[in-house]
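Following: one structure in structure tokens, then a few remarks.
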There are 2 protein chains.
Amino acid sequence: MAKELTKRSDNYSQWYNDLVVKAELAENSAVRGCMVIRPYGYAIWEKMQQELDRMFKETGHSNAYFPLFIPKSFLSREAEHVEGFAKECAVVTHYRLKNDGTGKGVVVDETAKLDEELIIRPTSETIIWNTYKNWIQSYRDLPILVNQWANVVRWEMRTRLFLRTTEFLWQEGHTAHATRDEALEETMKMLDVYTNFSERFMALPVYKGVKTENEKFAGAVDTYTIESLMQDGKALQGGTSHFLGQNFAKAFDVQYLSRDGRLEYVWATSWGVSTRLVGSLIMAHSDDHGLVLPPKLAPIQVVIIPIHKNEKQLTEITEKAMKIKKLLEAKGLTVKYDGSDTQKPGWKFAEYELKGVPVRLAIGPRDLENSTVETSRRDTLKKQVVPADGIDRYVKDLLKDIQQNIYNRALDFRNRNTFRANSWDEFRGVIERKGGFVYAHWDGDPETEARIKDETKATIRCIPFNMDQEEGTCIFSGKPSKRRVLFAVAY
Amino acid sequence: MAKELTKRSDNYSQWYNDLVVKAELAENSAVRGCMVIRPYGYAIWEKMQQELDRMFKETGHSNAYFPLFIPKSFLSREAEHVEGFAKECAVVTHYRLKNDGTGKGVVVDETAKLDEELIIRPTSETIIWNTYKNWIQSYRDLPILVNQWANVVRWEMRTRLFLRTTEFLWQEGHTAHATRDEALEETMKMLDVYTNFSERFMALPVYKGVKTENEKFAGAVDTYTIESLMQDGKALQGGTSHFLGQNFAKAFDVQYLSRDGRLEYVWATSWGVSTRLVGSLIMAHSDDHGLVLPPKLAPIQVVIIPIHKNEKQLTEITEKAMKIKKLLEAKGLTVKYDGSDTQKPGWKFAEYELKGVPVRLAIGPRDLENSTVETSRRDTLKKQVVPADGIDRYVKDLLKDIQQNIYNRALDFRNRNTFRANSWDEFRGVIERKGGFVYAHWDGDPETEARIKDETKATIRCIPFNMDQEEGTCIFSGKPSKRRVLFAVAY
């Protein structure tokens with residue numbers, strides 16, 4: 001078979017890359033670090049967008065669009081923000097090309113130099129808060145609950161399809177509020193939206209918590225995060241929700257007249273998820289045969305394949321298959337019938353396994369005789385012959401079961417790979433030999449955190465919400481600690 | 001009233017700008033030529049996207065995503081293409097900023113200069129055909145039917161909200177075919193999709209035809225267009241569909257092995273519409289009171305406003321209004337109930353007229369007594385008191401009627417402002433005094449076309465499909481002509 005994948009156990013990283021390319025999800029482009037998202041990969045992103053967009057609107061948000069370009073000077077207005085992003089900015093310096101004189105190519109027209117360089121947005125807080133200044137005068141103008149679907153650019157040195165690319169697609173919510181409490185509430189509400197999306201749609205359980213100073217968003221007061229576990233034991237940050245305090249309001253002088261007539265700085269949040277989620281979806285559930293997609297995000301939920309020896313059989317099977325397709329579509333399912341004659345059934349089976357279609361139905365001459373259908377579920381690869389009568393309810397239930405099973409499997413894996421370490425040796429042992437999440441005591445010092453990272457590559461993924469206060473001593477420094485934090489080596 | 005607009009008859013251009021800003025559709029940003037699309041304007045674009053995306057998918061297309069950046073050298077591969085776009089390209093030359101030394105700002109890090117400059121895509125034929133080269137080996141890989149929703153940048157010197165901005169949002173379809181006929185068929189199919197969308201959703205009638213050599217897309221063999229008429233007598237190009245022949249396949253060496261085993265160059269099309277459509281929607285239908293939106297693209301189709309003197313009345317009216325809202329929503333309509341107490345009913349009436357909500361329902365104490373509702377339609381501003389019973393069917397029919405009426409009005413206006421001119425004086429007279437479309441004979445010489453443009457600003461919008469062959473003489477040169485072409489001054 002031409003499309004065989006590297007095995008996960010042989011080389012997880014190569015397996016991932018093989019899978020992304022061979023399932024035609026994405027590929028590297030001619031531009032360093034930028035990917036082409038192919039139709040099948042984009043269809044997964046579209047399903048994600050649909051659900052997220054619905055959830056954003058249900059929580060009162062509207063979409064808008066702000067410029068791709070950010071004047072260079074805007075970036076410097078918030079000190080931590082510029083520190084965080086300046087080193088990875090694509091910079092537009094000119095606005096015209098001209099003939100190179102030989103007639104064969106073009107060169108930059110030096111007479112068309114911009115007075116002030118423009119940055120391609122790495123994130124849009126600065127241009128948006130510069131805009132909000134004009135939208136906000138009084139408390140009546142608040143809150144502003146806006147989201148943007150957009151492309152952003154961060155000049156990454158080491159890139160990886162979906163997980164880390166120079167250009168990526170994302171959504172960024174930017175909200176403005178009259179009070180600190182309201183902004184904090186919004187921050188947590190959106191973290192919950194991300195949690196729901198990850199667990200209910202991506203079938204991917206997460207740990208929630210707050211980032212340390214070292215790991216938070218440049219310009220945030222606090223960054224909240226959801227963290228999930230990949231099959232190689234590395235963690236992945238799925239989405240972040242930032243409480244920005246009044247930092248950007250102060251940087252862009254955005255004040256409002258309060259109910260009692262005082263001028264106050266506005267409170268802010270921002271929150272985002274990106275095409276990186278597609279990478280985590282692939283990594284979390286797939287196997288050596290290819291993609292395993294949760295039914296709720298699968299572009300094709302059911303594929304029907306005819307098994308035939310001659311044209312007459314094909315015609316009869318096609319007729320039956322189209323009836324079943326209609327029944328399933330009436331239940332709201334996305335169904336593909338692959339009656340093409342260019343490939344044999346065995347090839348098709350492998351192809352749709354590679355592409356992660358959750359349910360396969362095969363119909364052969366014997367099925368016609370017996371009024372049966374052979375079903376196969378992608379998550380366990382188990383087959384079952386069932387009556388054609390009632391196939392719609394059967395498949396609907398099967399998809400529900402697959403969604404739940406994929407989640408349970410990921411939850412079980414995550415739980416089995418979440419450890420507690422009480423000493424440095426224990427900590428190193430787990431991180432280096434097993435991977436996974438490790439709850440351990442930390443003294444709260446950024447310096448300690450940096451040294452642990454240097455020695456083990458493990459970072460503090462978050463200070464988790466679900467942990468009780470617990471006195472202890474830092475695994476690295478031995479100094480006192482008030483609670484465990486969550487460590488892992490991360491993507 | 002704070003939000004009064006300039007009258008169309010006083011200054012059409014100022015009226016348009018007032019309307020876009022005061023109805024909170026869009027505004028200029030801090031970046032020259034780039035706009036901020038505000039939530040209400042973006043909601044209109046989202047409605048457009050939804051319908052177009054559905055139509056693209058129904059005609060067999062899938063979405064994908066290609067890089068924002070195009071290597072400079074790619075642009076030079078197709079001679080006409082680079083000629084057309086080189087002068088309006090935003091160029092990325094560096095990928096890092098650094099501290100300016102004073103600690104107050106950032107400057108471009110000169111050590112981070114790109115070996116080859118990157119262009120922000122003005123359109124994506126080059127990067128996409130460079131990608132298709134890897135996707136296409138044999139006839140089995142064809143056709144490729146891909147669309148992309150994206151932002152593009154063309155460095156415009158004179159910009160105008162929605163109609164011409166440096167950055168704009170659009171969709172660009174890029175298809176690859178085995179034969180010339182199939183590519184031509186695709187080109188026309190997508191022109192028809194655009195026509196349907198314009199006429200059935202935007203309520204905007206169009207003339208269809210092919211562009212002249214002077215006016216066609218840089219790199220196309222032929223560009224097909226839909227052209228509509230704005231209320232000031234200027235034409236607007238709503239969408240274009242390009243037959244690219246083998247131009248890009250040759251430029252990027254994309255060949256396929258045909259069924260009979262020969263290597264052939266692939267045939268191509270591309271087609272696009274942009275946020276410019278939002279501008280034309282506004283210009284075509286709106287009046288001195290504000291926006292007039294066709295119901296099929298209105299973010300809010302029905303607004304319900306309570307008329308009350310005290311809290312008790314408001315409570316009763318709200319109860320009734322919520323029942324009606326539910327009934328209307330059950331019919332698939334988008335309804336807003338504005339029970340806010342910060343503004344008086346008169347202010348709300350004006351506000352939703354400004355925002356172009358197609359149907360307004362007002363409910364007062366007398367309506368409660370009589371079981372009636374006061375309806376007002378935005379297109380004619382006519383009011384009618386109708387029984388509350390059956391209001392859902394009434395409103396549904398009313399919206400249908402408004403959609404049709406807006407179209408009929410635009411069609412009538414377009415037809416009344418489409419002329420035939422048989423001499424140069426007649427031509428100039430119409431173009432300069434009335435505006436509108438003018439069918440006139442042209443000798444087919446690009447030089448003549450250019451001189452007509454110099455003298456009158458009128459361009460050939462298209463060589464229309466709907467014209468019979470007709471011998472005549474060119475209005476400008478007096479040379480023989482085989483058919484009339486369609487002139488207008490255009491946006």
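As shown in the structure tokens, the chain order sets the letters A, B, ...; within each chain, residues go from 1, and ligands are also counted from 1 in the order they appear.
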10 Å contact set for Ala64 (chain A), only C-alpha atoms, chain neighbours under 2 positions out, as a PyMOL selection string: (chain A and resi 61-62+66+145-150+173) or (chain B and resi 25-26+36-43+45-46)
All strand (DSSP E) residues (DSSP, backbone) inside region 189-394 of chain B, as JSON, numbers by chain: {"B": [207, 208, 209, 210, 222, 223, 224, 225, 226, 227, 228, 229, 235, 236, 237, 238, 239, 240, 241, 242, 243, 244, 245, 255, 256, 257, 263, 264, 265, 267, 268, 269, 270, 271, 272, 273, 274, 302, 303, 304, 305, 306, 335, 336, 337, 359, 360, 361, 362, 363, 372, 373, 374, 375, 376, 377, 383, 384, 385, 386, 387]}
Determine, for each residue of chain B having at least one atom at most 7 Å from an atom of chain A, the closest pair of atoms and their separation in Å to one decimal, counting only C-alpha atoms; order by chain and ascending number, as JSON lines.
{"residue": "B:Val31", "atom": "CA", "partner": "A:Pro71", "partner_atom": "CA", "distance": 6.9}
{"residue": "B:Cys34", "atom": "CA", "partner": "A:Pro67", "partner_atom": "CA", "distance": 6.1}
{"residue": "B:Met35", "atom": "CA", "partner": "A:Pro67", "partner_atom": "CA", "distance": 6.6}
{"residue": "B:Val36", "atom": "CA", "partner": "A:Phe66", "partner_atom": "CA", "distance": 4.8}
{"residue": "B:Ile37", "atom": "CA", "partner": "A:Tyr65", "partner_atom": "CA", "distance": 4.9}
{"residue": "B:Arg38", "atom": "CA", "partner": "A:Ala64", "partner_atom": "CA", "distance": 5.2}
{"residue": "B:Pro39", "atom": "CA", "partner": "A:Ala64", "partner_atom": "CA", "distance": 4.7}
{"residue": "B:Tyr42", "atom": "CA", "partner": "A:Ala64", "partner_atom": "CA", "distance": 5.4}
{"residue": "B:Ser62", "atom": "CA", "partner": "A:Pro39", "partner_atom": "CA", "distance": 5.9}
{"residue": "B:Asn63", "atom": "CA", "partner": "A:Pro39", "partner_atom": "CA", "distance": 5.6}
{"residue": "B:Ala64", "atom": "CA", "partner": "A:Pro39", "partner_atom": "CA", "distance": 4.7}
{"residue": "B:Tyr65", "atom": "CA", "partner": "A:Ile37", "partner_atom": "CA", "distance": 5.0}
{"residue": "B:Phe66", "atom": "CA", "partner": "A:Val36", "partner_atom": "CA", "distance": 4.8}
{"residue": "B:Pro67", "atom": "CA", "partner": "A:Cys34", "partner_atom": "CA", "distance": 6.1}
{"residue": "B:Phe69", "atom": "CA", "partner": "A:Val31", "partner_atom": "CA", "distance": 7.0}
{"residue": "B:Pro71", "atom": "CA", "partner": "A:Val31", "partner_atom": "CA", "distance": 6.9}
{"residue": "B:Ser73", "atom": "CA", "partner": "A:Gly105", "partner_atom": "CA", "distance": 7.0}
{"residue": "B:Ser76", "atom": "CA", "partner": "A:Gly105", "partner_atom": "CA", "distance": 5.5}
{"residue": "B:Ala86", "atom": "CA", "partner": "A:Leu97", "partner_atom": "CA", "distance": 5.0}
{"residue": "B:Lys87", "atom": "CA", "partner": "A:Arg96", "partner_atom": "CA", "distance": 4.8}
{"residue": "B:Glu88", "atom": "CA", "partner": "A:Arg96", "partner_atom": "CA", "distance": 5.3}
{"residue": "B:Cys89", "atom": "CA", "partner": "A:Arg96", "partner_atom": "CA", "distance": 5.0}
{"residue": "B:Ala90", "atom": "CA", "partner": "A:Tyr95", "partner_atom": "CA", "distance": 4.3}
{"residue": "B:Val91", "atom": "CA", "partner": "A:His94", "partner_atom": "CA", "distance": 5.3}
{"residue": "B:Val92", "atom": "CA", "partner": "A:Val92", "partner_atom": "CA", "distance": 4.2}
{"residue": "B:Thr93", "atom": "CA", "partner": "A:Val92", "partner_atom": "CA", "distance": 6.3}
{"residue": "B:His94", "atom": "CA", "partner": "A:Val91", "partner_atom": "CA", "distance": 5.3}
{"residue": "B:Tyr95", "atom": "CA", "partner": "A:Ala90", "partner_atom": "CA", "distance": 4.3}
{"residue": "B:Arg96", "atom": "CA", "partner": "A:Lys87", "partner_atom": "CA", "distance": 4.9}
{"residue": "B:Leu97", "atom": "CA", "partner": "A:Ala86", "partner_atom": "CA", "distance": 5.0}
{"residue": "B:Lys98", "atom": "CA", "partner": "A:Ala86", "partner_atom": "CA", "distance": 6.4}
{"residue": "B:Gly105", "atom": "CA", "partner": "A:Ser76", "partner_atom": "CA", "distance": 5.5}
{"residue": "B:Val106", "atom": "CA", "partner": "A:Ser76", "partner_atom": "CA", "distance": 6.7}
{"residue": "B:Trp155", "atom": "CA", "partner": "A:Tyr95", "partner_atom": "CA", "distance": 6.4}
Every residue of region 354-489 of chain A that DSSP places in helix (DSSP H, G or I), as a VMD selection string: chain A and resid 354 365 to 370 391 to 416 424 to 434 446 to 456
Selection near Asp367 (chain A), 12 Å with only C-alpha atoms, sequence-local residues under 5 positions removed, as an MDAnalysis selection string: chainID A and resid 306:308 313 316:317 320:321 361:362 372:375 385:389
Create the file for the chosen residues now, containing C-alpha atoms and written as a tab-separated table (two decimals), in the first residue's frame.
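Okay, this is what ended up in part_34.tsv:
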chain	number	residue	atom	x	y	z
A	306	PRO	CA	-20.20	-1.33	-2.57
A	307	ILE	CA	-18.64	-4.80	-2.85
A	308	HIS	CA	-19.40	-6.13	-6.31
A	313	GLN	CA	-24.40	-6.14	-8.87
A	316	GLU	CA	-28.39	-3.12	-7.46
A	317	ILE	CA	-26.09	-2.22	-4.60
A	320	LYS	CA	-29.83	0.13	-2.05
A	321	ALA	CA	-26.93	2.35	-0.91
A	361	LEU	CA	-20.90	0.60	5.70
A	362	ALA	CA	-20.10	-2.10	3.16
A	372	THR	CA	-28.03	-6.69	5.91
A	373	VAL	CA	-25.19	-4.18	6.00
A	374	GLU	CA	-21.67	-4.69	7.26
A	375	THR	CA	-20.71	-1.89	9.62
A	385	VAL	CA	-23.30	-7.28	10.26
A	386	VAL	CA	-26.64	-5.68	11.10
A	387	PRO	CA	-30.14	-5.64	9.54
A	388	ALA	CA	-30.60	-2.99	6.85
A	389	ASP	CA	-33.91	-2.25	8.44
Spatial neighbours of Ser423 (chain B), max dist 9 Å, only C-alpha atoms, sep filter under 6 positions, as a PyMOL selection string: chain B and resi 440-441+473-476+478
Let's have the selection written as a PDB file, in the first residue's frame, with C-alpha atoms.
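This is the output file selection-v4.pdb:
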ATOM      1  CA  ALA B 440     -22.798  52.160 -28.202  1.00  0.00           C
ATOM      2  CA  HIS B 441     -20.739  51.005 -31.159  1.00  0.00           C
ATOM      3  CA  THR B 473     -19.995  52.760 -36.754  1.00  0.00           C
ATOM      4  CA  CYS B 474     -17.854  53.542 -33.758  1.00  0.00           C
ATOM      5  CA  ILE B 475     -19.153  56.581 -31.878  1.00  0.00           C
ATOM      6  CA  PHE B 476     -15.620  57.895 -31.458  1.00  0.00           C
ATOM      7  CA  GLY B 478     -16.449  56.402 -37.057  1.00  0.00           C
TER       8      GLY B 478
END
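Within 12 Å of Ala450 (chain B), once only C-alpha atoms are used and residues closer than 3 positions along the same chain are dropped, the contacting residues are Thr212, Glu213, Asn214, Glu215, Trp442, Gly444, Asp445, Pro446, Glu447, Lys453, Asp454, Glu455, Thr456, Lys457, Ala458, Thr459, Ile460 and Phe476 of chain B.
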Surrounding residues of Leu399 (chain A) excluding itself and chain neighbours under 3 positions, 12 Å, only C-alpha atoms, as a PyMOL selection string: chain A and resi 293-298+300-302+328+331-334+357-360+375-379+392-396+402-406
Those residues you just picked out, can you put them in a file as an mmCIF file, in the first residue's frame with N, CA and C atoms?
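In the end it all went to part.cif:
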data_model
loop_
_atom_site.group_PDB
_atom_site.id
_atom_site.type_symbol
_atom_site.label_atom_id
_atom_site.label_comp_id
_atom_site.auth_asym_id
_atom_site.auth_seq_id
_atom_site.Cartn_x
_atom_site.Cartn_y
_atom_site.Cartn_z
ATOM 1 N N LEU A 293 -11.278 10.371 13.891
ATOM 2 C CA LEU A 293 -11.949 11.651 14.127
ATOM 3 C C LEU A 293 -13.201 11.457 14.973
ATOM 4 N N PRO A 294 -13.405 12.348 15.954
ATOM 5 C CA PRO A 294 -14.674 12.296 16.680
ATOM 6 C C PRO A 294 -15.802 12.641 15.702
ATOM 7 N N PRO A 295 -16.890 11.869 15.717
ATOM 8 C CA PRO A 295 -17.973 12.078 14.747
ATOM 9 C C PRO A 295 -18.450 13.517 14.645
ATOM 10 N N LYS A 296 -18.451 14.255 15.763
ATOM 11 C CA LYS A 296 -18.968 15.622 15.727
ATOM 12 C C LYS A 296 -18.113 16.578 14.907
ATOM 13 N N LEU A 297 -16.868 16.204 14.623
ATOM 14 C CA LEU A 297 -16.018 17.081 13.814
ATOM 15 C C LEU A 297 -15.564 16.418 12.520
ATOM 16 N N ALA A 298 -16.112 15.256 12.209
ATOM 17 C CA ALA A 298 -15.699 14.554 10.990
ATOM 18 C C ALA A 298 -16.423 15.142 9.772
ATOM 19 N N ILE A 300 -16.805 13.823 6.883
ATOM 20 C CA ILE A 300 -17.665 12.735 6.409
ATOM 21 C C ILE A 300 -17.872 11.819 7.608
ATOM 22 N N GLN A 301 -19.123 11.591 7.992
ATOM 23 C CA GLN A 301 -19.360 10.764 9.177
ATOM 24 C C GLN A 301 -19.545 9.289 8.823
ATOM 25 N N VAL A 302 -20.094 9.065 7.641
ATOM 26 C CA VAL A 302 -20.364 7.690 7.213
ATOM 27 C C VAL A 302 -19.962 7.544 5.748
ATOM 28 N N LEU A 328 -29.964 8.156 6.225
ATOM 29 C CA LEU A 328 -28.977 8.690 7.161
ATOM 30 C C LEU A 328 -28.952 10.210 7.104
ATOM 31 N N LYS A 331 -31.387 11.939 9.053
ATOM 32 C CA LYS A 331 -31.040 12.031 10.491
ATOM 33 C C LYS A 331 -29.980 13.108 10.739
ATOM 34 N N GLY A 332 -29.654 13.863 9.686
ATOM 35 C CA GLY A 332 -28.685 14.946 9.858
ATOM 36 C C GLY A 332 -27.237 14.513 9.720
ATOM 37 N N LEU A 333 -27.005 13.327 9.192
ATOM 38 C CA LEU A 333 -25.632 12.842 9.074
ATOM 39 C C LEU A 333 -25.024 13.197 7.714
ATOM 40 N N THR A 334 -23.688 13.290 7.675
ATOM 41 C CA THR A 334 -22.972 13.561 6.441
ATOM 42 C C THR A 334 -22.461 12.230 5.885
ATOM 43 N N VAL A 357 -12.837 8.379 8.729
ATOM 44 C CA VAL A 357 -14.310 8.391 8.666
ATOM 45 C C VAL A 357 -14.845 7.464 9.758
ATOM 46 N N PRO A 358 -15.667 7.978 10.671
ATOM 47 C CA PRO A 358 -16.033 7.212 11.872
ATOM 48 C C PRO A 358 -16.752 5.886 11.584
ATOM 49 N N VAL A 359 -17.656 5.871 10.601
ATOM 50 C CA VAL A 359 -18.392 4.637 10.330
ATOM 51 C C VAL A 359 -18.324 4.284 8.849
ATOM 52 N N ARG A 360 -18.008 3.036 8.582
ATOM 53 C CA ARG A 360 -18.014 2.532 7.207
ATOM 54 C C ARG A 360 -19.126 1.502 7.070
ATOM 55 N N THR A 375 -21.171 -3.168 9.065
ATOM 56 C CA THR A 375 -20.713 -1.894 9.624
ATOM 57 C C THR A 375 -19.332 -2.068 10.220
ATOM 58 N N SER A 376 -18.550 -0.988 10.165
ATOM 59 C CA SER A 376 -17.241 -1.012 10.796
ATOM 60 C C SER A 376 -17.019 0.337 11.459
ATOM 61 N N ARG A 377 -16.627 0.297 12.723
ATOM 62 C CA ARG A 377 -16.386 1.573 13.420
ATOM 63 C C ARG A 377 -14.894 1.856 13.442
ATOM 64 N N ARG A 378 -14.527 3.109 13.147
ATOM 65 C CA ARG A 378 -13.130 3.463 12.978
ATOM 66 C C ARG A 378 -12.345 3.427 14.282
ATOM 67 N N ASP A 379 -13.004 3.730 15.412
ATOM 68 C CA ASP A 379 -12.235 3.845 16.664
ATOM 69 C C ASP A 379 -11.678 2.491 17.111
ATOM 70 N N ASP A 392 -30.535 3.436 10.074
ATOM 71 C CA ASP A 392 -30.345 4.852 10.411
ATOM 72 C C ASP A 392 -30.203 5.053 11.915
ATOM 73 N N ARG A 393 -31.114 4.386 12.683
ATOM 74 C CA ARG A 393 -31.014 4.522 14.137
ATOM 75 C C ARG A 393 -29.746 3.859 14.645
ATOM 76 N N TYR A 394 -29.400 2.720 14.046
ATOM 77 C CA TYR A 394 -28.188 2.003 14.458
ATOM 78 C C TYR A 394 -26.945 2.884 14.284
ATOM 79 N N VAL A 395 -26.845 3.496 13.121
ATOM 80 C CA VAL A 395 -25.653 4.315 12.837
ATOM 81 C C VAL A 395 -25.615 5.555 13.715
ATOM 82 N N LYS A 396 -26.761 6.157 13.910
ATOM 83 C CA LYS A 396 -26.844 7.343 14.769
ATOM 84 C C LYS A 396 -26.343 7.004 16.186
ATOM 85 N N ILE A 402 -19.235 6.128 19.482
ATOM 86 C CA ILE A 402 -17.841 6.386 19.071
ATOM 87 C C ILE A 402 -17.340 7.683 19.699
ATOM 88 N N GLN A 403 -18.167 8.725 19.612
ATOM 89 C CA GLN A 403 -17.787 10.014 20.213
ATOM 90 C C GLN A 403 -17.428 9.813 21.693
ATOM 91 N N GLN A 404 -18.280 9.090 22.393
ATOM 92 C CA GLN A 404 -18.076 8.872 23.821
ATOM 93 C C GLN A 404 -16.855 7.997 24.075
ATOM 94 N N ASN A 405 -16.706 6.960 23.257
ATOM 95 C CA ASN A 405 -15.590 6.040 23.442
ATOM 96 C C ASN A 405 -14.235 6.721 23.214
ATOM 97 N N ILE A 406 -14.173 7.573 22.182
ATOM 98 C CA ILE A 406 -12.921 8.291 21.914
ATOM 99 C C ILE A 406 -12.579 9.185 23.098
#
Selection near Ala410 (chain A), 9 Å with only C-alpha atoms, sequence-local residues under 3 positions removed, as number ranges by chain: A: 203-205, 229-231, 284-285, 405-407, 413-415
